[in-house]
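Chemist: One structure is given below, represented as C-alpha cells, and several questions about it will come after.
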Amino acid sequence: MRVGLLSERYYSNINHDLLARIPLTAQSVLEFGCGSGSLGAAYKLRNPAVRYVGVEAMPGPAAEASKCLDQVWHADAECEDLFRDDPPLVDCLVYGDVLEHLRDPWACLARHLRFLAPDGVVVACIPNVQHWSVLAQLLQGRWPLEDQGLFDRTHLRWFTRHSIVNGLREQGLVVHSLTPRVFNLDRARTFVRQMEPALQSFGLDPQVALQGMAPLQYIVVA
C-alpha cells in the first residue's frame with residue numbers, strides 16, 4: 001500500500017515553479033511524461049483556451065490524464081514513431097523531471113523539436129547532480145536507491161548546470177532562463193562550510209561552490 005500511494009503522489013505532483021514558466025499565451029502545449037495530468041490540468045485553469053496534449057508511458061497515470069487533458073498518448077517519450085502520421089505543431093514542449101529518465105535525452109529532445117513552432121519554447125525541470133546531498137553520499141562511498149528525488153532508482157542520466165546549458169545549445173536552442181530550485185539552504189551552507197578547506201586547496205571559491213551545490217533542480221526555459 002505504501003508503494004502504491006507513493007507512486008500515486010509521484011504521478012500527480014504539481015511543480016508550481018514549472019507551471020509558472022509555461023507561457024500563458026500558448027495555444028498548444030505538448031507535455032512528455034505528463035503523469036496523471038495534474039500539471040496540465042492546473043495550466044488549463046490559467047489558460048482555458050489551450051490545447052494541452054500529454055505523452056505518458058505508464059498506463060494507469062495515462063488513463064487518469066486522459067480525463068483532464070485534451071489528448072493523451074500512452075507511449076514512450078523516446079519512441080521514434082511518435083506522431084508519425086499526424087505530427088503536431090505546438091507552442092511549448094514541457095519536460096517535468098523527465099529527461100533524466102531517458103536513455104538518450106538530447107537525441108530525444110532533438111526529435112521532439114520538430115513538433116515545436118519556430119517561436120516556441122522548451123520548459124523543463126532537471127535535477128542537479130552537483131547538489132550537496134549527492135556529494136555528501138559519495139564522500140561516504142554510498143549511492144542510495146530511492147523511489148523519487150535525486151537518487152530515484154529509475155534515473156538513467158545526470159546533469160549539472162553546465163551540462164544542461166551545453167546540451168540545450170547543442171540542439172540549437174537559446175537559453176532564456178535557468179532558475180535554481182533551492183531547498184534546505186542552511187544545510188547546503190553548512191556542508192560548504194565544512195568542505196571549505198578542501199575547496200580552497202582545489203582553488204575553488206566556496207561561494208561559487210555553494211551556488212552549484214545548493215540547487216536541487218533547475219527550471220529552464222529555452
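In the C-alpha cells, chains take the letters A, B, ... in the order shown, each chain's residues start at 1, and ligands count up from 1 in the order shown.
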Name the residues in contact with Glu56 (chain A) at a cut-off of 10 Å, using only C-alpha atoms, excluding same-chain residues fewer than 5 positions from it; report them as number ranges by chain.

Modeler: A: 11, 31-37, 61-63, 65, 72-77

Chemist: Would you kindly return, as a list in words, each protein, DNA or RNA residue with an atom no farther than 8 Å from any atom of Gln130 (chain A), considering only C-alpha atoms and excluding same-chain residues fewer than 4 positions away?

Modeler: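 Here the qualifying residues turn out to be Val134, Leu135, Phe159, Thr160, Gly212 and Met213 of chain A.
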
Chemist: Restrict the selected residues to all heavy atoms and save them as a PDB file, in the first residue's frame.

Modeler:
ATOM      1  N   VAL A 134      24.249  14.805  -2.826  1.00  0.00           N
ATOM      2  CA  VAL A 134      24.892  13.793  -3.657  1.00  0.00           C
ATOM      3  C   VAL A 134      26.366  13.680  -3.285  1.00  0.00           C
ATOM      4  O   VAL A 134      26.905  12.578  -3.101  1.00  0.00           O
ATOM      5  CB  VAL A 134      24.726  14.129  -5.150  1.00  0.00           C
ATOM      6  CG1 VAL A 134      25.500  13.138  -6.011  1.00  0.00           C
ATOM      7  CG2 VAL A 134      23.255  14.133  -5.544  1.00  0.00           C
ATOM      8  N   LEU A 135      27.025  14.827  -3.158  1.00  0.00           N
ATOM      9  CA  LEU A 135      28.444  14.831  -2.802  1.00  0.00           C
ATOM     10  C   LEU A 135      28.663  14.245  -1.416  1.00  0.00           C
ATOM     11  O   LEU A 135      29.624  13.505  -1.185  1.00  0.00           O
ATOM     12  CB  LEU A 135      28.984  16.260  -2.880  1.00  0.00           C
ATOM     13  CG  LEU A 135      28.867  16.932  -4.254  1.00  0.00           C
ATOM     14  CD1 LEU A 135      29.359  18.364  -4.193  1.00  0.00           C
ATOM     15  CD2 LEU A 135      29.649  16.149  -5.298  1.00  0.00           C
ATOM     16  N   PHE A 159      22.759  15.455 -14.597  1.00  0.00           N
ATOM     17  CA  PHE A 159      23.055  16.753 -15.180  1.00  0.00           C
ATOM     18  C   PHE A 159      23.572  17.734 -14.128  1.00  0.00           C
ATOM     19  O   PHE A 159      23.226  17.645 -12.947  1.00  0.00           O
ATOM     20  CB  PHE A 159      21.781  17.367 -15.800  1.00  0.00           C
ATOM     21  CG  PHE A 159      21.116  16.495 -16.829  1.00  0.00           C
ATOM     22  CD1 PHE A 159      20.163  15.557 -16.451  1.00  0.00           C
ATOM     23  CD2 PHE A 159      21.436  16.607 -18.164  1.00  0.00           C
ATOM     24  CE1 PHE A 159      19.537  14.744 -17.385  1.00  0.00           C
ATOM     25  CE2 PHE A 159      20.818  15.801 -19.119  1.00  0.00           C
ATOM     26  CZ  PHE A 159      19.867  14.867 -18.727  1.00  0.00           C
ATOM     27  N   THR A 160      24.368  18.678 -14.597  1.00  0.00           N
ATOM     28  CA  THR A 160      24.741  19.857 -13.825  1.00  0.00           C
ATOM     29  C   THR A 160      24.292  21.082 -14.616  1.00  0.00           C
ATOM     30  O   THR A 160      23.867  20.961 -15.770  1.00  0.00           O
ATOM     31  CB  THR A 160      26.258  19.937 -13.609  1.00  0.00           C
ATOM     32  OG1 THR A 160      26.902  20.095 -14.902  1.00  0.00           O
ATOM     33  CG2 THR A 160      26.799  18.687 -12.917  1.00  0.00           C
ATOM     34  N   GLY A 212      26.631  26.192  -6.919  1.00  0.00           N
ATOM     35  CA  GLY A 212      26.476  24.963  -7.681  1.00  0.00           C
ATOM     36  C   GLY A 212      25.857  23.831  -6.886  1.00  0.00           C
ATOM     37  O   GLY A 212      25.164  22.978  -7.440  1.00  0.00           O
ATOM     38  N   MET A 213      26.107  23.831  -5.557  1.00  0.00           N
ATOM     39  CA  MET A 213      25.663  22.715  -4.717  1.00  0.00           C
ATOM     40  C   MET A 213      24.288  22.919  -4.094  1.00  0.00           C
ATOM     41  O   MET A 213      23.651  21.949  -3.677  1.00  0.00           O
ATOM     42  CB  MET A 213      26.675  22.486  -3.585  1.00  0.00           C
ATOM     43  CG  MET A 213      28.035  22.038  -4.028  1.00  0.00           C
ATOM     44  SD  MET A 213      29.103  21.765  -2.578  1.00  0.00           S
ATOM     45  CE  MET A 213      30.723  21.712  -3.368  1.00  0.00           C
TER      46      MET A 213
END

Chemist: In Å, with one decimal, what is the gap from CA of Asp91 (chain A) to CA of Ile219 (chain A)?

Modeler: 17.7 Å

Chemist: Skip Arg153 (chain A) itself and residues of its chain fewer than 6 positions away, then list as a list in words all residues within 12 Å of it, counting only C-alpha atoms.

Modeler: Glu100, His101, Trp143, Pro144, Leu145, Glu146 and Asp147 of chain A
